[in-house]
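Colleague: If it helps, the file is called start06.pdb and holds PDB, C-alpha atoms and all ligand atoms:
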```pdb
ATOM      1  CA  MET I  36       0.000   0.000   0.000
ATOM      2  CA  SER I  37       1.196   3.474  -0.728
ATOM      3  CA  GLY I  38      -0.193   6.979  -0.968
ATOM      4  CA  ILE I  39       0.583   9.661  -3.501
ATOM      5  CA  ARG I  40      -0.023  13.327  -2.704
ATOM      6  CA  PRO I  41      -1.939  15.130  -5.468
ATOM      7  CA  THR I  42       0.466  18.042  -5.751
ATOM      8  CA  GLY I  43       2.542  19.135  -8.708
ATOM      9  CA  PHE I  44       3.639  17.325 -11.806
ATOM     10  CA  LEU I  45       5.564  14.062 -11.891
ATOM     11  CA  HIS I  46       9.177  14.198 -13.011
ATOM     12  CA  LEU I  47      11.797  11.728 -14.137
ATOM     13  CA  GLY I  48      12.910  11.169 -10.533
ATOM     14  CA  ASN I  49       9.407  10.087  -9.529
ATOM     15  CA  TYR I  50       9.275   7.815 -12.560
ATOM     16  CA  PHE I  51      12.513   5.925 -11.919
ATOM     17  CA  GLY I  52      12.176   6.158  -8.134
ATOM     18  CA  ALA I  53       8.666   5.530  -6.896
ATOM     19  CA  ILE I  54       6.526   4.604  -9.883
ATOM     20  CA  SER I  55       8.759   1.972 -11.460
ATOM     21  CA  ASN I  56       8.757   0.305  -8.033
ATOM     22  CA  TYR I  57       4.912   0.354  -7.960
ATOM     23  CA  VAL I  58       4.707  -1.021 -11.477
ATOM     24  CA  LYS I  59       6.921  -3.928 -10.506
ATOM     25  CA  MET I  60       5.044  -4.551  -7.275
ATOM     26  CA  GLN I  61       1.725  -4.867  -9.077
ATOM     27  CA  GLU I  62       2.986  -8.117 -10.616
ATOM     28  CA  ASP I  63       4.101  -9.620  -7.298
ATOM     29  CA  PHE I  64       1.602  -8.390  -4.681
ATOM     30  CA  ASP I  65      -1.991  -7.483  -4.009
ATOM     31  CA  CYS I  66      -1.557  -3.696  -4.166
ATOM     32  CA  PHE I  67      -3.446  -0.635  -2.972
ATOM     33  CA  PHE I  68      -2.333   2.720  -4.364
ATOM     34  CA  MET I  69      -4.133   5.777  -3.096
ATOM     35  CA  VAL I  70      -4.335   9.420  -4.063
ATOM     36  CA  ALA I  71      -3.966  11.212  -0.715
ATOM     37  CA  ASP I  72      -6.500  13.979  -1.351
ATOM     38  CA  LEU I  73      -7.522  14.262   2.324
ATOM     39  CA  HIS I  74      -3.945  14.685   3.454
ATOM     40  CA  SER I  75      -3.627  17.696   1.171
ATOM     41  CA  LEU I  76      -6.380  19.447   3.177
ATOM     42  CA  THR I  77      -4.019  19.699   6.149
ATOM     43  CA  THR I  78      -1.950  22.274   4.279
ATOM     44  CA  HIS I  79      -4.160  23.287   1.318
ATOM     45  CA  PRO I  80      -7.705  23.999   2.604
ATOM     46  CA  ASP I  81      -8.638  25.629  -0.719
ATOM     47  CA  THR I  82     -10.036  22.808  -2.844
ATOM     48  CA  ALA I  83     -10.486  24.707  -6.112
ATOM     49  CA  ALA I  84      -7.635  22.888  -7.857
ATOM     50  CA  LEU I  85      -8.108  19.527  -6.152
ATOM     51  CA  LYS I  86     -10.165  17.813  -8.844
ATOM     52  CA  ALA I  87      -7.721  18.669 -11.624
ATOM     53  CA  ASN I  88      -4.791  17.611  -9.437
ATOM     54  CA  VAL I  89      -6.394  14.276  -8.562
ATOM     55  CA  HIS I  90      -7.124  13.620 -12.243
ATOM     56  CA  ARG I  91      -3.538  14.443 -13.157
ATOM     57  CA  VAL I  92      -2.045  12.112 -10.547
ATOM     58  CA  LEU I  93      -4.284   9.301 -11.742
ATOM     59  CA  ALA I  94      -3.478   9.912 -15.408
ATOM     60  CA  GLU I  95       0.275  10.268 -14.888
ATOM     61  CA  ASN I  96       0.617   7.106 -12.839
ATOM     62  CA  ILE I  97      -1.474   5.095 -15.279
ATOM     63  CA  ALA I  98       0.506   6.437 -18.253
ATOM     64  CA  CYS I  99       3.660   5.267 -16.443
ATOM     65  CA  GLY I 100       2.330   1.729 -16.241
ATOM     66  CA  LEU I 101       0.215   1.467 -13.108
ATOM     67  CA  ASP I 102      -2.684  -0.750 -14.128
ATOM     68  CA  PRO I 103      -6.067  -0.114 -12.445
ATOM     69  CA  ASP I 104      -7.110  -3.652 -13.422
ATOM     70  CA  LYS I 105      -4.196  -5.174 -11.511
ATOM     71  CA  VAL I 106      -4.209  -2.925  -8.431
ATOM     72  CA  ALA I 107      -6.725  -0.954  -6.405
ATOM     73  CA  PHE I 108      -6.013   2.620  -7.525
ATOM     74  CA  TYR I 109      -8.361   4.909  -5.599
ATOM     75  CA  CYS I 110      -8.930   8.242  -3.891
ATOM     76  CA  GLN I 111      -8.626   8.462  -0.125
ATOM     77  CA  SER I 112     -11.863  10.463   0.162
ATOM     78  CA  HIS I 113     -13.833   7.675  -1.537
ATOM     79  CA  VAL I 114     -13.112   5.295   1.326
ATOM     80  CA  HIS I 115     -15.221   6.511   4.238
ATOM     81  CA  GLU I 116     -13.953   3.852   6.619
ATOM     82  CA  THR I 117     -10.785   5.941   6.648
ATOM     83  CA  ALA I 118     -12.575   8.519   8.805
ATOM     84  CA  GLU I 119     -13.779   5.879  11.263
ATOM     85  CA  LEU I 120     -10.438   4.154  11.788
ATOM     86  CA  TYR I 121      -8.690   7.542  11.961
ATOM     87  CA  LEU I 122     -10.998   8.448  14.850
ATOM     88  CA  TYR I 123     -10.175   5.287  16.787
ATOM     89  CA  LEU I 124      -6.445   5.630  16.175
ATOM     90  CA  ASN I 125      -6.535   9.242  17.330
ATOM     91  CA  MET I 126      -7.482   7.976  20.797
ATOM     92  CA  MET I 127      -4.228   6.009  20.783
ATOM     93  CA  ALA I 128      -1.914   8.720  19.536
ATOM     94  CA  TYR I 129      -0.343  10.971  22.126
ATOM     95  CA  LYS I 130       0.084  14.696  21.726
ATOM     96  CA  GLY I 131       3.735  14.469  22.762
ATOM     97  CA  GLU I 132       4.770  11.944  20.134
ATOM     98  CA  LEU I 133       2.841  13.765  17.419
ATOM     99  CA  GLU I 134       4.459  17.089  18.272
ATOM    100  CA  LYS I 135       7.895  15.519  17.950
ATOM    101  CA  THR I 136       7.348  14.503  14.311
ATOM    102  CA  THR I 137       9.891  16.151  12.006
ATOM    103  CA  THR I 138       7.409  16.979   9.243
ATOM    104  CA  PHE I 139       5.016  18.553  11.779
ATOM    105  CA  LYS I 140       7.715  20.801  13.198
ATOM    106  CA  GLU I 141       8.744  21.788   9.682
ATOM    107  CA  LYS I 142       5.181  22.661   8.677
ATOM    108  CA  VAL I 143       4.648  24.696  11.840
ATOM    109  CA  ARG I 144       7.776  26.637  11.019
ATOM    110  CA  LEU I 145       6.713  27.280   7.425
ATOM    111  CA  ASN I 146       3.096  28.080   8.168
ATOM    112  CA  PRO I 147       2.636  29.205  11.788
ATOM    113  CA  GLU I 148      -0.868  30.611  11.204
ATOM    114  CA  ASN I 149      -2.403  27.259  10.176
ATOM    115  CA  VAL I 150      -1.328  24.751  12.836
ATOM    116  CA  ASN I 151      -4.534  22.703  12.748
ATOM    117  CA  ALA I 152      -5.277  19.398  14.499
ATOM    118  CA  GLY I 153      -5.264  17.588  11.156
ATOM    119  CA  LEU I 154      -1.691  18.680  10.616
ATOM    120  CA  LEU I 155      -0.723  17.344  14.032
ATOM    121  CA  THR I 156      -2.403  14.006  13.334
ATOM    122  CA  TYR I 157      -1.144  13.690   9.737
ATOM    123  CA  PRO I 158       0.836  10.543  10.727
ATOM    124  CA  VAL I 159      -2.327   9.046  12.255
ATOM    125  CA  LEU I 160      -4.172   9.482   8.967
ATOM    126  CA  MET I 161      -1.283   7.935   7.066
ATOM    127  CA  ALA I 162      -1.187   4.995   9.497
ATOM    128  CA  THR I 163      -4.931   4.620   8.912
ATOM    129  CA  ASP I 164      -4.452   4.438   5.118
ATOM    130  CA  ILE I 165      -1.976   1.625   5.551
ATOM    131  CA  ILE I 166      -3.519  -0.541   8.238
ATOM    132  CA  LEU I 167      -7.027  -0.126   6.819
ATOM    133  CA  HIS I 168      -5.951  -2.792   4.321
ATOM    134  CA  ARG I 169      -3.778  -4.609   6.849
ATOM    135  CA  ALA I 170      -0.893  -3.885   4.476
ATOM    136  CA  LYS I 171       2.512  -5.450   5.124
ATOM    137  CA  TYR I 172       4.698  -3.567   2.663
ATOM    138  CA  VAL I 173       4.779   0.141   2.036
ATOM    139  CA  PRO I 174       6.933   1.460  -0.820
ATOM    140  CA  VAL I 175       8.007   4.916   0.385
ATOM    141  CA  GLY I 176      11.050   7.143   0.208
ATOM    142  CA  LYS I 177      13.315   8.132   3.077
ATOM    143  CA  ASP I 178      11.249  11.219   3.877
ATOM    144  CA  GLN I 179       8.357   8.990   4.987
ATOM    145  CA  GLU I 180      10.309   6.647   7.245
ATOM    146  CA  GLN I 181       9.370   8.401  10.458
ATOM    147  CA  HIS I 182       5.690   8.351   9.507
ATOM    148  CA  LEU I 183       5.935   4.663   8.752
ATOM    149  CA  GLU I 184       7.561   3.993  12.086
ATOM    150  CA  MET I 185       4.655   5.779  13.747
ATOM    151  CA  ALA I 186       2.249   3.603  11.763
ATOM    152  CA  ARG I 187       3.980   0.559  13.271
ATOM    153  CA  THR I 188       3.649   2.093  16.728
ATOM    154  CA  PHE I 189      -0.093   2.715  16.311
ATOM    155  CA  ALA I 190      -0.713  -0.734  14.837
ATOM    156  CA  ASN I 191       1.148  -2.407  17.698
ATOM    157  CA  ARG I 192      -0.600  -0.251  20.270
ATOM    158  CA  PHE I 193      -3.978  -1.245  18.873
ATOM    159  CA  ASN I 194      -3.002  -4.919  18.882
ATOM    160  CA  HIS I 195      -1.875  -4.745  22.508
ATOM    161  CA  ARG I 196      -4.932  -2.924  23.687
ATOM    162  CA  TYR I 197      -7.649  -4.744  21.739
ATOM    163  CA  GLY I 198      -6.168  -7.891  20.204
ATOM    164  CA  ASP I 199      -4.218  -8.812  17.099
ATOM    165  CA  VAL I 200      -5.757  -7.266  14.010
ATOM    166  CA  PHE I 201      -2.879  -5.556  12.192
ATOM    167  CA  PRO I 202       0.418  -6.793  10.767
ATOM    168  CA  GLU I 203       3.430  -4.474  11.194
ATOM    169  CA  PRO I 204       3.816  -2.395   8.034
ATOM    170  CA  LEU I 205       7.391  -2.341   6.701
ATOM    171  CA  ALA I 206       9.112  -0.107   4.163
ATOM    172  CA  PHE I 207       9.634  -1.855   0.845
ATOM    173  CA  ASN I 208      11.599  -1.461  -2.349
ATOM    174  CA  TYR I 209      13.290  -3.823  -4.753
ATOM    175  CA  ASN I 210      16.708  -2.200  -4.733
ATOM    176  CA  GLN I 211      18.652  -1.579  -1.558
ATOM    177  CA  SER I 212      18.103   2.114  -1.929
ATOM    178  CA  LEU I 213      15.781   3.887  -4.309
ATOM    179  CA  LEU I 214      17.352   5.106  -7.518
ATOM    180  CA  LYS I 215      18.100   8.805  -7.326
ATOM    181  CA  VAL I 216      17.832  10.718 -10.578
ATOM    182  CA  PRO I 217      20.308  13.619 -10.599
ATOM    183  CA  SER I 218      19.190  17.090 -11.609
ATOM    184  CA  LEU I 219      20.573  18.735 -14.752
ATOM    185  CA  ASP I 220      22.541  21.435 -12.919
ATOM    186  CA  GLY I 221      24.779  18.991 -11.087
ATOM    187  CA  GLU I 222      23.232  19.934  -7.723
ATOM    188  CA  GLY I 223      21.301  17.189  -5.963
ATOM    189  CA  LYS I 224      18.436  15.278  -7.514
ATOM    190  CA  MET I 225      15.353  16.171  -9.544
ATOM    191  CA  SER I 226      12.705  17.698  -7.346
ATOM    192  CA  LYS I 227       9.167  19.048  -7.550
ATOM    193  CA  SER I 228       9.911  22.152  -5.565
ATOM    194  CA  GLU I 229      13.486  23.203  -6.250
ATOM    195  CA  ASN I 230      15.126  24.222  -9.544
ATOM    196  CA  GLN I 231      12.433  23.527 -12.159
ATOM    197  CA  MET I 232      14.792  24.135 -15.100
ATOM    198  CA  ALA I 233      17.038  21.334 -13.808
ATOM    199  CA  THR I 234      14.148  18.863 -13.529
ATOM    200  CA  LEU I 235      12.520  17.043 -16.439
ATOM    201  CA  TYR I 236       8.755  16.705 -16.013
ATOM    202  CA  LEU I 237       6.651  14.107 -17.781
ATOM    203  CA  ALA I 238       4.495  17.045 -18.926
ATOM    204  CA  ASP I 239       7.370  19.007 -20.523
ATOM    205  CA  SER I 240       7.032  19.734 -24.248
ATOM    206  CA  ASP I 241       9.658  18.385 -26.646
ATOM    207  CA  ASP I 242      11.206  21.829 -26.979
ATOM    208  CA  MET I 243      11.283  22.333 -23.224
ATOM    209  CA  ILE I 244      13.048  18.979 -22.779
ATOM    210  CA  ARG I 245      15.641  19.950 -25.413
ATOM    211  CA  LYS I 246      16.127  23.362 -23.828
ATOM    212  CA  LYS I 247      16.667  21.912 -20.352
ATOM    213  CA  VAL I 248      19.057  19.191 -21.506
ATOM    214  CA  MET I 249      21.121  21.601 -23.616
ATOM    215  CA  LYS I 250      21.542  23.838 -20.558
ATOM    216  CA  ALA I 251      22.989  21.006 -18.447
ATOM    217  CA  LYS I 252      26.321  21.883 -16.904
ATOM    218  CA  THR I 253      29.466  20.622 -18.730
ATOM    219  CA  ASP I 254      33.033  21.887 -19.201
ATOM    220  CA  SER I 255      35.708  21.887 -21.887
ATOM    221  CA  GLY I 256      36.288  18.143 -21.525
ATOM    222  CA  PRO I 257      38.952  15.922 -19.994
ATOM    223  CA  THR I 258      42.618  16.566 -20.783
ATOM    224  CA  GLU I 259      43.960  13.228 -19.567
ATOM    225  CA  LYS I 260      42.952   9.797 -20.825
ATOM    226  CA  ASN I 261      40.683   7.699 -18.594
ATOM    227  CA  ALA I 262      40.297  10.554 -16.113
ATOM    228  CA  PRO I 263      37.645  10.288 -13.402
ATOM    229  CA  LYS I 264      34.491  12.237 -14.249
ATOM    230  CA  PRO I 265      33.461  15.325 -12.279
ATOM    231  CA  ASP I 266      30.074  14.889 -10.541
ATOM    232  CA  TYR I 267      28.082  16.939 -13.051
ATOM    233  CA  ILE I 268      29.468  14.865 -15.962
ATOM    234  CA  GLU I 269      28.867  11.619 -14.083
ATOM    235  CA  ASN I 270      25.265  12.781 -13.632
ATOM    236  CA  ILE I 271      24.794  13.327 -17.356
ATOM    237  CA  PHE I 272      26.048   9.806 -18.034
ATOM    238  CA  LEU I 273      23.660   8.515 -15.388
ATOM    239  CA  LEU I 274      20.770  10.206 -17.175
ATOM    240  CA  MET I 275      21.940   8.736 -20.502
ATOM    241  CA  LYS I 276      21.927   5.261 -19.008
ATOM    242  CA  LEU I 277      18.259   5.695 -18.127
ATOM    243  CA  VAL I 278      17.024   6.541 -21.613
ATOM    244  CA  CYS I 279      19.731   5.959 -24.261
ATOM    245  CA  PRO I 280      20.626   2.633 -25.931
ATOM    246  CA  ALA I 281      23.706   0.956 -24.402
ATOM    247  CA  GLU I 282      25.760   1.489 -27.595
ATOM    248  CA  THR I 283      25.181   5.230 -27.427
ATOM    249  CA  VAL I 284      26.354   5.380 -23.825
ATOM    250  CA  GLY I 285      29.340   3.176 -24.692
ATOM    251  CA  LYS I 286      30.357   5.401 -27.586
ATOM    252  CA  PHE I 287      30.376   8.533 -25.411
ATOM    253  CA  GLU I 288      32.181   6.689 -22.588
ATOM    254  CA  ASP I 289      34.932   5.816 -25.101
ATOM    255  CA  ASP I 290      35.045   9.375 -26.407
ATOM    256  CA  TYR I 291      35.387  10.632 -22.854
ATOM    257  CA  ASN I 292      38.173   8.208 -22.024
ATOM    258  CA  ASN I 293      40.007   9.159 -25.230
ATOM    259  CA  CYS I 294      39.568  12.898 -24.614
ATOM    260  CA  VAL I 295      37.628  13.404 -27.843
ATOM    261  CA  ILE I 296      34.209  13.871 -26.309
ATOM    262  CA  ARG I 297      32.008  16.675 -27.659
ATOM    263  CA  TYR I 298      29.495  17.590 -24.987
ATOM    264  CA  GLY I 299      27.336  19.469 -27.495
ATOM    265  CA  ASP I 300      26.808  16.241 -29.454
ATOM    266  CA  LEU I 301      26.268  14.246 -26.291
ATOM    267  CA  LYS I 302      23.584  16.616 -25.068
ATOM    268  CA  LYS I 303      21.861  16.663 -28.461
ATOM    269  CA  GLN I 304      21.729  12.879 -28.400
ATOM    270  CA  LEU I 305      20.528  12.804 -24.790
ATOM    271  CA  ALA I 306      17.866  15.411 -25.578
ATOM    272  CA  GLU I 307      16.501  13.344 -28.483
ATOM    273  CA  ASP I 308      16.434  10.136 -26.453
ATOM    274  CA  MET I 309      14.728  11.989 -23.590
ATOM    275  CA  VAL I 310      12.111  13.323 -25.993
ATOM    276  CA  ASN I 311      11.558   9.802 -27.309
ATOM    277  CA  PHE I 312      11.135   8.551 -23.762
ATOM    278  CA  ILE I 313       8.893  11.302 -22.383
ATOM    279  CA  ALA I 314       6.730  12.266 -25.400
ATOM    280  CA  PRO I 315       4.689   9.008 -25.548
ATOM    281  CA  ILE I 316       4.018   9.178 -21.791
ATOM    282  CA  ARG I 317       2.954  12.813 -22.097
ATOM    283  CA  SER I 318       0.525  12.108 -24.907
ATOM    284  CA  GLN I 319      -0.953   9.192 -23.016
ATOM    285  CA  VAL I 320      -1.489  11.414 -19.974
ATOM    286  CA  ASP I 321      -3.317  13.894 -22.213
ATOM    287  CA  ALA I 322      -5.476  11.160 -23.709
ATOM    288  CA  ILE I 323      -6.451   9.843 -20.262
ATOM    289  CA  LEU I 324      -7.264  13.359 -19.030
ATOM    290  CA  GLN I 325      -9.495  13.968 -22.069
ATOM    291  CA  ASP I 326     -11.607  10.928 -21.196
ATOM    292  CA  GLU I 327     -13.536  12.089 -18.112
ATOM    293  CA  GLU I 328     -15.894   9.119 -18.209
ATOM    294  CA  GLY I 329     -12.938   6.730 -18.317
ATOM    295  CA  LEU I 330     -11.378   8.466 -15.309
ATOM    296  CA  LYS I 331     -14.640   8.194 -13.419
ATOM    297  CA  GLN I 332     -14.816   4.458 -14.121
ATOM    298  CA  ILE I 333     -11.227   4.008 -12.941
ATOM    299  CA  MET I 334     -11.972   5.824  -9.680
ATOM    300  CA  LEU I 335     -15.201   3.855  -9.134
ATOM    301  CA  LYS I 336     -13.446   0.553  -9.703
ATOM    302  CA  GLY I 337     -10.624   1.520  -7.338
ATOM    303  CA  ALA I 338     -13.032   2.714  -4.657
ATOM    304  CA  GLU I 339     -14.976  -0.534  -4.890
ATOM    305  CA  LYS I 340     -11.857  -2.647  -4.301
ATOM    306  CA  ALA I 341     -10.645  -0.407  -1.472
ATOM    307  CA  ASN I 342     -14.096  -0.320   0.153
ATOM    308  CA  THR I 343     -14.326  -4.108   0.168
ATOM    309  CA  SER I 344     -10.945  -4.477   1.817
ATOM    310  CA  ALA I 345     -11.604  -1.644   4.303
ATOM    311  CA  GLY I 346     -15.002  -3.091   5.186
ATOM    312  CA  GLU I 347     -13.446  -6.428   6.107
ATOM    313  CA  THR I 348     -10.835  -4.786   8.306
ATOM    314  CA  MET I 349     -13.371  -2.547  10.060
ATOM    315  CA  LYS I 350     -15.494  -5.529  10.970
ATOM    316  CA  LEU I 351     -12.462  -7.024  12.748
ATOM    317  CA  VAL I 352     -11.658  -3.670  14.353
ATOM    318  CA  ARG I 353     -15.153  -3.136  15.765
ATOM    319  CA  GLU I 354     -15.246  -6.685  17.101
ATOM    320  CA  ALA I 355     -11.811  -6.381  18.689
ATOM    321  CA  MET I 356     -12.773  -3.062  20.285
ATOM    322  CA  GLY I 357     -16.065  -4.396  21.598
ATOM    323  CA  LEU I 358     -18.112  -2.028  19.462
ATOM    324  CA  ASN I 359     -20.311  -4.822  18.143
ATOM    325  CA  TYR I 360     -23.430  -4.392  20.297
ATOM    326  CA  PHE I 361     -25.741  -6.565  18.277
TER     327      PHE I 361
HETATM  328  N1  LIG I 401       2.568  11.094   3.442
HETATM  329  C1  LIG I 401       2.867  10.586   2.138
HETATM  330  C2  LIG I 401       3.698  11.633   1.375
HETATM  331  O1  LIG I 401       3.759  12.750   1.774
HETATM  332  C3  LIG I 401       1.621  10.256   1.352
HETATM  333  C4  LIG I 401       0.809   9.183   1.993
HETATM  334  C5  LIG I 401      -0.446   9.319   2.496
HETATM  335  C6  LIG I 401       1.184   7.816   2.155
HETATM  336  N2  LIG I 401      -0.900   8.115   2.975
HETATM  337  C7  LIG I 401       0.086   7.175   2.781
HETATM  338  C8  LIG I 401       2.331   7.079   1.830
HETATM  339  C9  LIG I 401       0.125   5.824   3.096
HETATM  340  C10 LIG I 401       2.370   5.735   2.143
HETATM  341  C11 LIG I 401       1.279   5.110   2.775
HETATM  342  O2  LIG I 401       4.268  11.329   0.351
END
```
Take the structure in this file and express it as structure tokens.
Modeller:
Amino acid sequence: MSGIRPTGFLHLGNYFGAISNYVKMQEDFDCFFMVADLHSLTTHPDTAALKANVHRVLAENIACGLDPDKVAFYCQSHVHETAELYLYLNMMAYKGELEKTTTFKEKVRLNPENVNAGLLTYPVLMATDIILHRAKYVPVGKDQEQHLEMARTFANRFNHRYGDVFPEPLAFNYNQSLLKVPSLDGEGKMSKSENQMATLYLADSDDMIRKKVMKAKTDSGPTEKNAPKPDYIENIFLLMKLVCPAETVGKFEDDYNNCVIRYGDLKKQLAEDMVNFIAPIRSQVDAILQDEEGLKQIMLKGAEKANTSAGETMKLVREAMGLNYF
């Protein structure tokens, strides 16, 4: 089980980090992927853009290979049991531990005039999403590890107090650490919020992709044979390995080692291979977004699967808690 916040546009880092992991998992597990629309209310109470954002997240993930026939792909707000379990878990979450959460402290700092109770209990809602399906594996990045640990705490606390209902949810990914896609300016990785010109989005036009790649940082080339590559050059090769054929990468590796590399040619080649990689995804996203009825059917199907699973769990929860009066 994992949740995806409906904010911003997906980029190449999301594709090779999170989504490719989801797409692989859908073959091996019974998966629940959720658009976390309720979580976004903790920081974005204005809902004017929510519908478009939810549609975009759905379309982008499906265009990247997430298959609504293989997994439950649904919106958090369509599963009303979420609210019920969230309420019960809130009785088991202590103010002190919630206040210590790193993301909470960060959000208080950034937005001191909207420190609402939902923000404080954000980790409770996330724990709810997970244990509502009694999920065992949660594919998340490092930034969510503390939340996941809290989910384990709440699940265990429930089990101790009322009886064994929930397995312990563990972080999951196929590689030891998630693949990090470097940004084009040689500083850090691609990101939704930081330097947008150094990040390639799945929604970027062909010309925008070319423009961004051609601006990537290079230098006048190596002067010694087989020299180690500076970080920003290493990063460009890393990006090539993601989207270019192996022979292309090999040719430029040789050119580099022989000091005859022409970075202008390399970037032109990388730009074209990037366009070839991103353009089909982008047009599929557009096609999915055009088909409102199709999107509705996808959401209904996802909600139905999630509701069935949540209903089964809530029956166990109410019984364990002694809330079954008849
Ligand atoms: N908090 C997660 C994020 O910010 C999103 C999320 C919501 C989530 N519910 C979840 C992730 C359940 C994993 C499991 O990215």
Colleague: For CA of Leu324 (chain I) and CA of Lys246 (chain I), quote the distance in Å rounded to one decimal.
Modeller: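 Separation between CA of Leu324 (chain I) and CA of Lys246 (chain I): 25.9 Å.
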Colleague: Would you list the contacts of region 55-64 of chain I as a list in words, taking every protein, DNA or RNA residue within 7 Å and counting all atoms listed in the file, but skipping same-chain residues closer than 4 positions in sequence?
Modeller: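 In the requested format, the answer is Tyr50, Phe51, Gly100, Leu101, Lys105, Val106, Asn208 and Tyr209 of chain I.
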Colleague: So, counting all atoms listed in the file, which residue among I:Thr163, I:Thr77, I:Asn149, I:Asn210 is closest to Ala53 (chain I)?
Modeller: I:Asn210
Colleague: Using only C-alpha atoms and all ligand atoms, which residues have at least one atom no more than 10 Å from ligand LIG 401 (chain I)? Output them as a ChimeraX atom specification.
Modeller: /I:36-42,67-75,111,138,157-166,170,172-180,182-183,186,204,206
Colleague: So that I can see what lies close to Tyr109 (chain I), please list as a PyMOL selection string the residues with an atom at most 6 Å from it, counting only C-alpha atoms and leaving out residues fewer than 6 positions away in the same chain.
Modeller: chain I and resi 69+334+337-338
Colleague: Using the chain letters and numbers from this file, what does the PyMOL selection byres (((chain I and resi 132-135) around 12) and not hetatm) select? Give the answer as a PyMOL selection string.
Modeller: chain I and resi 125+127-131+136-143+150-160+181-182+184-186+188-189
Colleague: Would you save the residues from that selection as a short mmCIF file (atom, residue, chain, number, x, y, z; two decimals), keeping the file's coordinate frame, using C-alpha atoms?
Modeller:
```cif
data_model
loop_
_atom_site.label_atom_id
_atom_site.label_comp_id
_atom_site.auth_asym_id
_atom_site.auth_seq_id
_atom_site.Cartn_x
_atom_site.Cartn_y
_atom_site.Cartn_z
CA ASN I 125 -6.54 9.24 17.33
CA MET I 127 -4.23 6.01 20.78
CA ALA I 128 -1.91 8.72 19.54
CA TYR I 129 -0.34 10.97 22.13
CA LYS I 130 0.08 14.70 21.73
CA GLY I 131 3.74 14.47 22.76
CA THR I 136 7.35 14.50 14.31
CA THR I 137 9.89 16.15 12.01
CA THR I 138 7.41 16.98 9.24
CA PHE I 139 5.02 18.55 11.78
CA LYS I 140 7.72 20.80 13.20
CA GLU I 141 8.74 21.79 9.68
CA LYS I 142 5.18 22.66 8.68
CA VAL I 143 4.65 24.70 11.84
CA VAL I 150 -1.33 24.75 12.84
CA ASN I 151 -4.53 22.70 12.75
CA ALA I 152 -5.28 19.40 14.50
CA GLY I 153 -5.26 17.59 11.16
CA LEU I 154 -1.69 18.68 10.62
CA LEU I 155 -0.72 17.34 14.03
CA THR I 156 -2.40 14.01 13.33
CA TYR I 157 -1.14 13.69 9.74
CA PRO I 158 0.84 10.54 10.73
CA VAL I 159 -2.33 9.05 12.26
CA LEU I 160 -4.17 9.48 8.97
CA GLN I 181 9.37 8.40 10.46
CA HIS I 182 5.69 8.35 9.51
CA GLU I 184 7.56 3.99 12.09
CA MET I 185 4.66 5.78 13.75
CA ALA I 186 2.25 3.60 11.76
CA THR I 188 3.65 2.09 16.73
CA PHE I 189 -0.09 2.72 16.31
#
```
Colleague: Mind giving me the axis-aligned box for region 194-207 of chain I with 5 Å on every side, centre plus edges in Å to one decimal, as AutoDock Vina command-line options?
Modeller:
```
--center_x 1.0 --center_y -4.5 --center_z 12.3 --size_x 27.3 --size_y 18.7 --size_z 32.8
```
Colleague: Would you fill the gaps in region 327-337 of chain I so it has N, CA and C atoms, then print it as a PDB file, in the coordinates of the input?
Modeller:
```
ATOM      1  N   GLU I 327     -13.008  11.928 -19.475  1.00  0.00           N
ATOM      2  CA  GLU I 327     -13.536  12.089 -18.112  1.00  0.00           C
ATOM      3  C   GLU I 327     -14.317  10.869 -17.647  1.00  0.00           C
ATOM      4  N   GLU I 328     -15.090  10.291 -18.570  1.00  0.00           N
ATOM      5  CA  GLU I 328     -15.894   9.119 -18.209  1.00  0.00           C
ATOM      6  C   GLU I 328     -14.970   7.952 -17.841  1.00  0.00           C
ATOM      7  N   GLY I 329     -13.908   7.788 -18.613  1.00  0.00           N
ATOM      8  CA  GLY I 329     -12.938   6.730 -18.317  1.00  0.00           C
ATOM      9  C   GLY I 329     -12.315   6.918 -16.945  1.00  0.00           C
ATOM     10  N   LEU I 330     -11.966   8.165 -16.619  1.00  0.00           N
ATOM     11  CA  LEU I 330     -11.378   8.466 -15.309  1.00  0.00           C
ATOM     12  C   LEU I 330     -12.352   8.134 -14.191  1.00  0.00           C
ATOM     13  N   LYS I 331     -13.615   8.473 -14.429  1.00  0.00           N
ATOM     14  CA  LYS I 331     -14.640   8.194 -13.419  1.00  0.00           C
ATOM     15  C   LYS I 331     -14.730   6.683 -13.177  1.00  0.00           C
ATOM     16  N   GLN I 332     -14.722   5.920 -14.264  1.00  0.00           N
ATOM     17  CA  GLN I 332     -14.816   4.458 -14.121  1.00  0.00           C
ATOM     18  C   GLN I 332     -13.609   3.902 -13.369  1.00  0.00           C
ATOM     19  N   ILE I 333     -12.441   4.451 -13.647  1.00  0.00           N
ATOM     20  CA  ILE I 333     -11.227   4.008 -12.941  1.00  0.00           C
ATOM     21  C   ILE I 333     -11.367   4.264 -11.444  1.00  0.00           C
ATOM     22  N   MET I 334     -11.828   5.474 -11.104  1.00  0.00           N
ATOM     23  CA  MET I 334     -11.972   5.824  -9.680  1.00  0.00           C
ATOM     24  C   MET I 334     -13.027   4.958  -9.000  1.00  0.00           C
ATOM     25  N   LEU I 335     -14.141   4.689  -9.721  1.00  0.00           N
ATOM     26  CA  LEU I 335     -15.201   3.855  -9.134  1.00  0.00           C
ATOM     27  C   LEU I 335     -14.699   2.448  -8.872  1.00  0.00           C
ATOM     28  N   LYS I 336     -13.970   1.916  -9.846  1.00  0.00           N
ATOM     29  CA  LYS I 336     -13.446   0.553  -9.703  1.00  0.00           C
ATOM     30  C   LYS I 336     -12.466   0.474  -8.530  1.00  0.00           C
ATOM     31  N   GLY I 337     -11.599   1.481  -8.429  1.00  0.00           N
ATOM     32  CA  GLY I 337     -10.624   1.520  -7.338  1.00  0.00           C
ATOM     33  C   GLY I 337     -11.315   1.621  -5.990  1.00  0.00           C
TER      34      GLY I 337
END
```
